[in-house]
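Peer 1: Sharing run.cif (mmCIF, C-alpha atoms) below.
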```cif
data_model
loop_
_atom_site.group_PDB
_atom_site.id
_atom_site.type_symbol
_atom_site.label_atom_id
_atom_site.label_comp_id
_atom_site.auth_asym_id
_atom_site.auth_seq_id
_atom_site.Cartn_x
_atom_site.Cartn_y
_atom_site.Cartn_z
ATOM 1 C CA TYR T 1 37.135 130.510 28.163
ATOM 2 C CA VAL T 2 39.318 132.644 25.896
ATOM 3 C CA ARG T 3 40.238 134.953 28.757
ATOM 4 C CA ARG T 4 41.257 131.958 30.839
ATOM 5 C CA LEU T 5 43.446 130.663 28.016
ATOM 6 C CA ARG T 6 45.166 134.021 27.709
ATOM 7 C CA TYR T 7 45.684 134.180 31.481
ATOM 8 C CA ASP T 8 47.150 130.669 31.665
ATOM 9 C CA ALA T 9 49.368 131.246 28.637
ATOM 10 C CA GLY T 10 50.743 134.443 30.171
ATOM 11 C CA ARG T 11 51.512 132.780 33.506
ATOM 12 C CA ALA T 12 52.929 129.532 32.077
ATOM 13 C CA ARG T 13 56.557 129.123 33.087
ATOM 14 C CA ASP T 14 57.334 126.421 30.563
ATOM 15 C CA PRO T 15 57.495 127.790 26.981
ATOM 16 C CA ALA T 16 56.081 124.488 25.675
ATOM 17 C CA ASP T 17 53.013 124.833 27.914
ATOM 18 C CA ALA T 18 52.499 128.406 26.794
ATOM 19 C CA ALA T 19 52.730 127.360 23.128
ATOM 20 C CA LEU T 20 50.217 124.566 23.721
ATOM 21 C CA LEU T 21 47.724 126.892 25.389
ATOM 22 C CA ARG T 22 48.005 129.366 22.531
ATOM 23 C CA ALA T 23 47.533 126.552 20.000
ATOM 24 C CA LEU T 24 44.220 125.528 21.509
ATOM 25 C CA VAL T 25 42.507 128.583 20.069
ATOM 26 C CA PRO T 26 43.959 130.091 16.862
ATOM 27 C CA ALA T 27 44.603 133.818 16.907
ATOM 28 C CA GLU T 28 42.150 134.571 14.126
ATOM 29 C CA ARG T 29 39.295 132.989 16.095
ATOM 30 C CA LEU T 30 39.953 134.675 19.440
ATOM 31 C CA ALA T 31 37.763 137.666 18.679
ATOM 32 C CA ARG T 32 34.822 135.557 17.474
ATOM 33 C CA LEU T 33 35.043 133.113 20.374
ATOM 34 C CA ALA T 34 35.319 135.919 22.909
ATOM 35 C CA THR T 35 31.913 137.244 21.855
ATOM 36 C CA ALA T 36 30.343 133.818 21.339
ATOM 37 C CA ALA T 37 31.393 132.417 24.723
ATOM 38 C CA LEU T 38 29.519 135.057 26.705
ATOM 39 C CA PRO T 39 25.941 134.187 27.753
ATOM 40 C CA GLU T 40 23.036 136.177 26.447
ATOM 41 C CA PRO T 41 22.011 138.973 28.845
ATOM 42 C CA ALA T 42 18.700 138.483 30.538
ATOM 43 C CA PRO T 43 15.905 141.016 29.937
ATOM 44 C CA GLY T 44 16.625 144.136 31.939
ATOM 45 C CA GLU T 45 20.316 143.383 32.333
ATOM 46 C CA GLY T 46 23.219 145.088 30.605
ATOM 47 C CA ALA T 47 21.981 148.602 31.211
ATOM 48 C CA GLY T 48 24.907 149.322 33.510
ATOM 49 C CA ARG T 49 25.275 152.473 35.560
ATOM 50 C CA ASN T 50 23.798 154.670 32.836
ATOM 51 C CA ALA T 51 20.446 152.911 32.887
ATOM 52 C CA GLY T 52 18.586 156.175 32.755
ATOM 53 C CA ALA T 53 18.459 159.601 34.284
ATOM 54 C CA GLY T 54 16.844 159.541 37.696
ATOM 55 C CA ALA T 55 16.097 155.802 37.557
ATOM 56 C CA PRO T 56 17.157 154.106 40.791
ATOM 57 C CA ALA T 57 19.433 151.115 40.346
ATOM 58 C CA GLN T 58 17.579 147.917 41.175
ATOM 59 C CA LYS T 59 19.554 144.972 42.437
ATOM 60 C CA LYS T 60 18.324 141.789 40.822
ATOM 61 C CA LYS T 61 18.304 138.673 42.967
ATOM 62 C CA GLN T 62 20.076 135.687 41.463
ATOM 63 C CA SER T 63 18.443 132.328 42.062
ATOM 64 C CA TRP T 64 20.943 129.655 43.048
ATOM 65 C CA ALA T 65 18.857 127.028 41.300
ATOM 66 C CA ALA T 66 19.180 128.877 38.006
ATOM 67 C CA LEU T 67 22.905 129.545 38.371
ATOM 68 C CA PRO T 68 24.176 126.304 36.729
ATOM 69 C CA ARG T 69 21.769 126.750 33.841
ATOM 70 C CA TRP T 70 22.935 130.338 33.396
ATOM 71 C CA ARG T 71 26.569 129.253 33.353
ATOM 72 C CA THR T 72 26.028 126.491 30.822
ATOM 73 C CA LYS T 73 23.909 128.647 28.534
ATOM 74 C CA THR T 74 25.659 129.245 25.240
ATOM 75 C CA THR T 75 25.041 131.308 22.159
ATOM 76 C CA ARG T 76 25.833 130.501 18.606
ATOM 77 C CA ALA T 77 28.526 132.632 17.056
ATOM 78 C CA THR T 78 27.609 134.834 14.129
ATOM 79 C CA ARG T 79 30.066 133.175 11.824
ATOM 80 C CA SER T 80 29.985 132.413 8.138
ATOM 81 C CA ARG T 81 28.643 129.083 6.952
ATOM 82 C CA ASP T 82 32.019 128.268 5.416
ATOM 83 C CA ALA T 83 33.597 128.186 8.897
ATOM 84 C CA ALA T 84 31.244 125.466 10.204
ATOM 85 C CA TYR T 85 32.691 121.969 10.439
ATOM 86 C CA GLY T 86 31.837 118.574 11.875
ATOM 87 C CA CYS T 87 34.067 116.205 13.783
ATOM 88 C CA LEU T 88 34.445 112.420 13.730
ATOM 89 C CA HIS T 89 36.541 110.381 16.135
ATOM 90 C CA ALA T 90 37.304 107.128 14.311
ATOM 91 C CA ARG T 91 38.770 104.533 16.668
ATOM 92 C CA ILE T 92 40.720 102.577 14.056
ATOM 93 C CA GLU T 93 44.283 102.977 15.340
ATOM 94 C CA SER T 94 46.462 99.894 15.516
ATOM 95 C CA ASP T 95 46.856 100.153 19.297
ATOM 96 C CA MET T 96 43.353 98.704 19.662
ATOM 97 C CA LYS T 97 44.864 95.321 18.802
ATOM 98 C CA ARG T 98 46.535 95.307 22.201
ATOM 99 C CA ASN T 99 43.107 94.617 23.663
ATOM 100 C CA PRO T 100 42.088 91.350 21.951
ATOM 101 C CA SER T 101 38.556 91.359 23.381
ATOM 102 C CA ALA T 102 37.731 94.909 22.223
ATOM 103 C CA TRP T 103 39.400 94.371 18.836
ATOM 104 C CA PHE T 104 37.380 91.200 18.304
ATOM 105 C CA GLN T 105 34.169 93.080 19.106
ATOM 106 C CA LEU T 106 35.123 95.874 16.695
ATOM 107 C CA ARG T 107 35.756 93.382 13.913
ATOM 108 C CA ARG T 108 32.531 91.597 14.726
ATOM 109 C CA ALA T 109 30.616 94.875 14.490
ATOM 110 C CA GLY T 110 32.418 95.840 11.262
ATOM 111 C CA LEU T 111 33.837 99.010 12.829
ATOM 112 C CA ASP T 112 37.502 98.242 12.192
ATOM 113 C CA HIS T 113 37.386 99.884 8.730
ATOM 114 C CA PHE T 114 36.946 103.592 8.061
ATOM 115 C CA SER T 115 34.828 102.909 4.981
ATOM 116 C CA THR T 116 32.170 101.250 7.170
ATOM 117 C CA ILE T 117 32.128 104.185 9.591
ATOM 118 C CA ALA T 118 31.895 106.659 6.695
ATOM 119 C CA ALA T 119 28.966 104.713 5.210
ATOM 120 C CA HIS T 120 27.120 104.908 8.546
ATOM 121 C CA LEU T 121 27.882 108.628 8.644
ATOM 122 C CA ARG T 122 26.362 109.220 5.211
ATOM 123 C CA ASN T 123 23.185 107.328 6.148
ATOM 124 C CA GLN T 124 22.400 109.763 8.984
ATOM 125 C CA SER T 125 19.848 112.198 7.574
ATOM 126 C CA ALA T 126 20.687 114.953 10.109
ATOM 127 C CA LEU T 127 24.223 115.229 8.752
ATOM 128 C CA PRO T 128 26.192 117.091 7.426
ATOM 129 C CA GLY T 129 23.958 120.044 8.305
ATOM 130 C CA ALA T 130 25.823 123.343 7.965
ATOM 131 C CA ALA T 131 29.256 121.689 8.042
ATOM 132 C CA ARG T 132 31.486 122.331 5.050
ATOM 133 C CA SER T 133 34.194 119.856 6.173
ATOM 134 C CA VAL T 134 34.607 116.958 8.590
ATOM 135 C CA PHE T 135 37.632 116.884 10.874
ATOM 136 C CA VAL T 136 38.728 113.321 11.701
ATOM 137 C CA ALA T 137 40.367 113.079 15.122
ATOM 138 C CA VAL T 138 42.726 110.165 14.557
ATOM 139 C CA ASP T 139 46.426 109.386 14.835
ATOM 140 C CA ALA T 140 47.152 108.951 11.132
ATOM 141 C CA GLU T 141 50.606 107.498 11.811
ATOM 142 C CA SER T 142 48.972 104.522 13.576
ATOM 143 C CA VAL T 143 46.482 103.802 10.774
ATOM 144 C CA GLU T 144 46.985 101.401 7.889
ATOM 145 C CA ALA T 145 47.419 102.687 4.344
ATOM 146 C CA ALA T 146 44.053 101.316 3.188
ATOM 147 C CA GLU T 147 42.264 103.293 5.886
ATOM 148 C CA LEU T 148 44.124 106.482 4.934
ATOM 149 C CA ALA T 149 43.007 106.022 1.345
ATOM 150 C CA ALA T 150 39.386 105.769 2.522
ATOM 151 C CA MET T 151 39.814 108.926 4.594
ATOM 152 C CA ARG T 152 40.897 110.850 1.488
ATOM 153 C CA GLU T 153 37.505 110.178 -0.111
ATOM 154 C CA PRO T 154 34.890 112.933 0.409
ATOM 155 C CA ALA T 155 32.335 112.464 3.149
ATOM 156 C CA TRP T 156 29.612 114.047 1.011
ATOM 157 C CA PRO T 157 29.814 115.854 -2.326
ATOM 158 C CA GLY T 158 31.714 119.045 -1.545
ATOM 159 C CA VAL T 159 32.338 118.055 2.094
ATOM 160 C CA PRO T 160 35.801 116.502 2.448
ATOM 161 C CA PHE T 161 37.398 114.647 5.348
ATOM 162 C CA VAL T 162 40.237 116.636 6.938
ATOM 163 C CA PHE T 163 42.845 115.019 9.171
ATOM 164 C CA ARG T 164 46.421 115.496 10.324
ATOM 165 C CA GLU T 165 48.658 113.193 8.303
ATOM 166 C CA GLU T 166 51.822 113.856 10.318
ATOM 167 C CA ARG T 167 52.454 114.751 13.937
ATOM 168 C CA SER T 168 54.047 118.047 14.820
ATOM 169 C CA ARG T 169 57.574 117.744 16.144
ATOM 170 C CA ASN T 170 56.849 120.376 18.788
ATOM 171 C CA LEU T 171 53.919 118.485 20.340
ATOM 172 C CA THR T 172 53.683 115.040 21.882
ATOM 173 C CA LEU T 173 50.935 112.524 21.172
ATOM 174 C CA VAL T 174 49.090 113.530 24.348
ATOM 175 C CA GLU T 175 49.278 117.210 23.418
ATOM 176 C CA HIS T 176 47.909 116.407 19.956
ATOM 177 C CA ALA T 177 45.010 114.597 21.627
ATOM 178 C CA ILE T 178 44.289 117.664 23.796
ATOM 179 C CA VAL T 179 44.192 119.967 20.778
ATOM 180 C CA ASP T 180 41.961 117.555 18.832
ATOM 181 C CA SER T 181 39.546 117.300 21.761
ATOM 182 C CA ARG T 182 39.128 121.071 21.889
ATOM 183 C CA VAL T 183 38.489 121.128 18.147
ATOM 184 C CA CYS T 184 35.805 118.435 18.530
ATOM 185 C CA VAL T 185 34.117 120.210 21.444
ATOM 186 C CA ALA T 186 33.775 123.390 19.364
ATOM 187 C CA ALA T 187 32.503 121.568 16.247
ATOM 188 C CA GLU T 188 29.039 121.971 14.766
ATOM 189 C CA TRP T 189 28.427 118.273 15.457
ATOM 190 C CA PHE T 190 30.466 115.384 16.799
ATOM 191 C CA VAL T 191 30.336 111.635 16.151
ATOM 192 C CA GLY T 192 32.264 109.188 18.330
ATOM 193 C CA TRP T 193 32.337 105.556 19.369
ATOM 194 C CA PRO T 194 30.869 105.025 22.875
ATOM 195 C CA GLY T 195 33.509 102.395 23.640
ATOM 196 C CA SER T 196 36.232 105.059 23.620
ATOM 197 C CA THR T 197 36.860 107.034 26.810
ATOM 198 C CA TYR T 198 38.273 109.822 24.634
ATOM 199 C CA ALA T 199 35.009 110.175 22.694
ATOM 200 C CA ASN T 200 32.966 109.896 25.902
ATOM 201 C CA GLN T 201 34.927 112.750 27.468
ATOM 202 C CA ILE T 202 34.251 114.943 24.430
ATOM 203 C CA ALA T 203 30.549 114.079 24.638
ATOM 204 C CA LEU T 204 30.547 115.057 28.311
ATOM 205 C CA GLN T 205 32.250 118.397 27.605
ATOM 206 C CA ARG T 206 29.765 119.158 24.841
ATOM 207 C CA ARG T 207 26.903 118.310 27.197
ATOM 208 C CA ILE T 208 28.273 120.619 29.913
ATOM 209 C CA SER T 209 28.821 123.476 27.461
ATOM 210 C CA GLY T 210 25.267 123.126 26.142
ATOM 211 C CA ARG T 211 26.208 122.127 22.610
ATOM 212 C CA ARG T 212 23.845 120.027 20.558
ATOM 213 C CA GLY T 213 24.574 117.720 17.677
ATOM 214 C CA THR T 214 26.389 114.912 19.514
ATOM 215 C CA PHE T 215 26.064 111.493 17.856
ATOM 216 C CA TYR T 216 27.517 108.031 18.316
ATOM 217 C CA TYR T 217 28.217 105.189 15.904
ATOM 218 C CA ASN T 218 28.056 101.437 16.348
ATOM 219 C CA ALA T 219 27.033 98.427 14.277
ATOM 220 C CA ASP T 220 23.518 99.848 13.850
ATOM 221 C CA GLY T 221 24.724 103.140 12.324
ATOM 222 C CA VAL T 222 24.980 106.740 13.517
ATOM 223 C CA ARG T 223 22.361 107.893 16.007
ATOM 224 C CA PRO T 224 21.874 110.939 18.272
ATOM 225 C CA ARG T 225 23.461 110.594 21.688
ATOM 226 C CA LYS T 226 21.148 111.517 24.564
ATOM 227 C CA ASP T 227 23.359 110.527 27.508
ATOM 228 C CA ASP T 228 26.200 112.498 29.060
ATOM 229 C CA GLY T 229 28.969 110.225 27.780
ATOM 230 C CA ARG T 230 28.766 107.425 30.360
ATOM 231 C CA ASP T 231 26.541 104.907 28.583
ATOM 232 C CA VAL T 232 29.234 102.597 27.197
ATOM 233 C CA ALA T 233 26.617 99.937 26.412
ATOM 234 C CA LEU T 234 25.872 101.848 23.199
ATOM 235 C CA ALA T 235 29.208 100.770 21.741
ATOM 236 C CA TRP T 236 28.223 97.519 20.089
ATOM 237 C CA GLY T 237 24.625 97.491 18.923
ATOM 238 C CA LYS T 238 23.610 94.399 16.991
ATOM 239 C CA PRO T 239 26.794 92.645 15.834
ATOM 240 C CA ARG T 240 27.015 90.996 12.466
ATOM 241 C CA PRO T 241 27.773 87.275 12.331
ATOM 242 C CA ILE T 242 31.354 86.293 11.555
ATOM 243 C CA SER T 243 31.763 83.735 8.807
ATOM 244 C CA ARG T 244 33.689 80.775 10.129
ATOM 245 C CA LYS T 245 34.526 77.426 8.660
ATOM 246 C CA PRO T 246 32.116 74.754 9.852
ATOM 247 C CA LYS T 247 33.629 72.231 12.169
ATOM 248 C CA PRO T 248 33.927 68.747 10.667
ATOM 249 C CA THR T 249 31.330 66.391 12.008
ATOM 250 C CA ARG T 250 32.635 63.170 13.415
ATOM 251 C CA LYS T 251 30.915 59.964 12.463
ATOM 252 C CA PRO T 252 29.827 57.882 15.425
ATOM 253 C CA LYS T 253 31.898 54.778 15.969
ATOM 254 C CA PRO T 254 30.038 51.531 15.308
ATOM 255 C CA LYS T 255 29.230 49.573 18.398
ATOM 256 C CA PRO T 256 30.893 46.173 18.669
ATOM 257 C CA ARG T 257 28.546 43.306 18.074
ATOM 258 C CA GLU T 258 27.973 40.847 20.813
ATOM 259 C CA ALA T 259 29.247 37.343 20.177
#
```
As structure tokens, please, write out the structure in this file.
Peer 2:
Amino acid sequence: YVRRLRYDAGRARDPADAALLRALVPAERLARLATAALPEPAPGEGAGRNAGAGAPAQKKKQSWAALPRWRTKTTRATRSRDAAYGCLHARIESDMKRNPSAWFQLRRAGLDHFSTIAAHLRNQSALPGAARSVFVAVDAESVEAAELAAMREPAWPGVPFVFREERSRNLTLVEHAIVDSRVCVAAEWFVGWPGSTYANQIALQRRISGRRGTFYYNADGVRPRKDDGRDVALAWGKPRPISRKPKPTRKPKPKPREA
């Protein structure tokens, strides 16, 4: 993956594209990711040409059925515990109001406030795990001030929420979304709303790359996600009732008496 990024960045004709490709993986993490992205060698492999004096080289047959599993096999990087982080995609931006049906369902489920999502996150016993921070993939410029104040509260004691408060002038909104998606794919764990195609795509990429620790949140809380990102029926759960004013009851009109 890192080699492909370097190759694309070197061949990019547009300087903005080259800068975006280099921003996907920071320079200080290139060396660690280069060793972590390679699959573990199978027993007997990796000896190379100098396998031994007088030992004939044996050509190992590769099973086509095992090829996809070999490609998707990943290894955990030998990194410090302080570098581990979790990722949360909170779908609380104001553009959701353009879809009245989805916004009504979010309000009905109580998922239109970051404090509710954070409470569900804290109730999941498998989290935070080894994460020392939680990156929130959200467009902070499209979030209300009350939600930003809730995002500045710590997720757990000693585990803060981290998010981008301002957009970079050199990147567009779409480019910011691409960078955030790569950060979420590489996270120790990821939590997203199944009603978001953005979160579903991240869940699919994590499933393909063999990463564990993918969760989803809805009205029932935060639960492990076992699908490949296509089960959008997990978005709502059991909705809470909305308090509405009771409709006034009309008294029946008296029937006219017969003469």
Peer 1: If we count all atoms listed in the file, what is near stretch 144-151 of chain T at a cut-off of 7 Å, once residues fewer than 5 positions away on the same chain are taken out, given as JSON, numbers by chain?
Peer 2: {"T": [113, 114, 115, 161]}
Peer 1: Grab the atom CA of T:Tyr217 to atom CA of T:Trp103 distance for me, in Å with one decimal place.
Peer 2: 15.8 Å
Peer 1: Just how far from atom CA of T:Ala102 is atom CA of T:Gly237, in Å to one decimal?
Peer 2: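 The value is 13.8 Å.
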Peer 1: Name the residues that the PyMOL selection byres ((chain T and resi 136) around 8) picks from the file above, as a compact mmCIF listing (two decimals) with C-alpha atoms, keeping the file's coordinate frame, using the file's chain letters and numbers.
Peer 2:
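This went into part-v3.txt:
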```txt
# COMPACT_ATOMS: atom_id res chain seq x y z
CA CYS T 87 34.07 116.20 13.78
CA LEU T 88 34.44 112.42 13.73
CA HIS T 89 36.54 110.38 16.14
CA ALA T 90 37.30 107.13 14.31
CA VAL T 134 34.61 116.96 8.59
CA PHE T 135 37.63 116.88 10.87
CA ALA T 137 40.37 113.08 15.12
CA VAL T 138 42.73 110.16 14.56
CA PHE T 161 37.40 114.65 5.35
CA VAL T 162 40.24 116.64 6.94
CA PHE T 163 42.84 115.02 9.17
```
Peer 1: Between T:Arg250, T:Arg164, T:Lys255, T:Arg132, which residue has the minimum interatomic distance to T:Arg152, considering only C-alpha atoms?
Peer 2: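 Under the stated criterion, the closest residue is T:Arg164.
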Peer 1: Any idea what the distance is between atom CA of T:Ser94 and atom CA of T:Ser142?
Peer 2: 5.6 Å
Peer 1: Taking the file above as input, evaluate the PyMOL selection byres ((chain T and resi 227) around 12) and report the hits as JSON, numbers by chain.
Peer 2: {"T": [194, 200, 201, 203, 204, 205, 206, 207, 208, 212, 214, 215, 216, 223, 224, 225, 226, 228, 229, 230, 231, 232, 233, 234]}
Peer 1: Go through T:Ala140, T:Lys253, T:Ala177, T:Ile92 one by one, measure the shortest atom-to-atom distance of each to T:Trp193 using all atoms listed in the file, and give the residue with the smallest value.
Peer 2: T:Ile92
Peer 1: Give the answer as one residue: which of T:Leu106, T:Ile202, T:Leu171, T:Ile117 has the shortest atom-to-atom distance to T:Cys184, using only C-alpha atoms?
Peer 2: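 Between T:Leu106, T:Ile202, T:Leu171, T:Ile117, the residue approaching T:Cys184 most closely is T:Ile202.
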Peer 1: Where does the PyMOL selection byres ((chain T and resi 189) around 7) land in this file, that is, which residues does it pick, as a short mmCIF file (atom, residue, chain, number, x, y, z; two decimals) with C-alpha atoms, in the frame of the given file?
Peer 2:
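Ended up saving to out23.cif:
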```cif
data_model
loop_
_atom_site.label_atom_id
_atom_site.label_comp_id
_atom_site.auth_asym_id
_atom_site.auth_seq_id
_atom_site.Cartn_x
_atom_site.Cartn_y
_atom_site.Cartn_z
CA GLY T 86 31.84 118.57 11.88
CA CYS T 87 34.07 116.20 13.78
CA ALA T 187 32.50 121.57 16.25
CA GLU T 188 29.04 121.97 14.77
CA PHE T 190 30.47 115.38 16.80
CA VAL T 191 30.34 111.64 16.15
CA GLY T 213 24.57 117.72 17.68
CA THR T 214 26.39 114.91 19.51
#
```
Peer 1: In terms of the shortest atom-to-atom distance over all atoms listed in the file, which of T:Asp139, T:Pro128, T:Leu111, T:Trp236 is closest to T:Glu175?
Peer 2: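 Among T:Asp139, T:Pro128, T:Leu111, T:Trp236, it is T:Asp139 that comes nearest to T:Glu175.
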Peer 1: Which is closer to T:Ser125 than all the others in T:Ser181, T:Gly110, T:Glu141, T:Val222, using only C-alpha atoms?
Peer 2: T:Val222
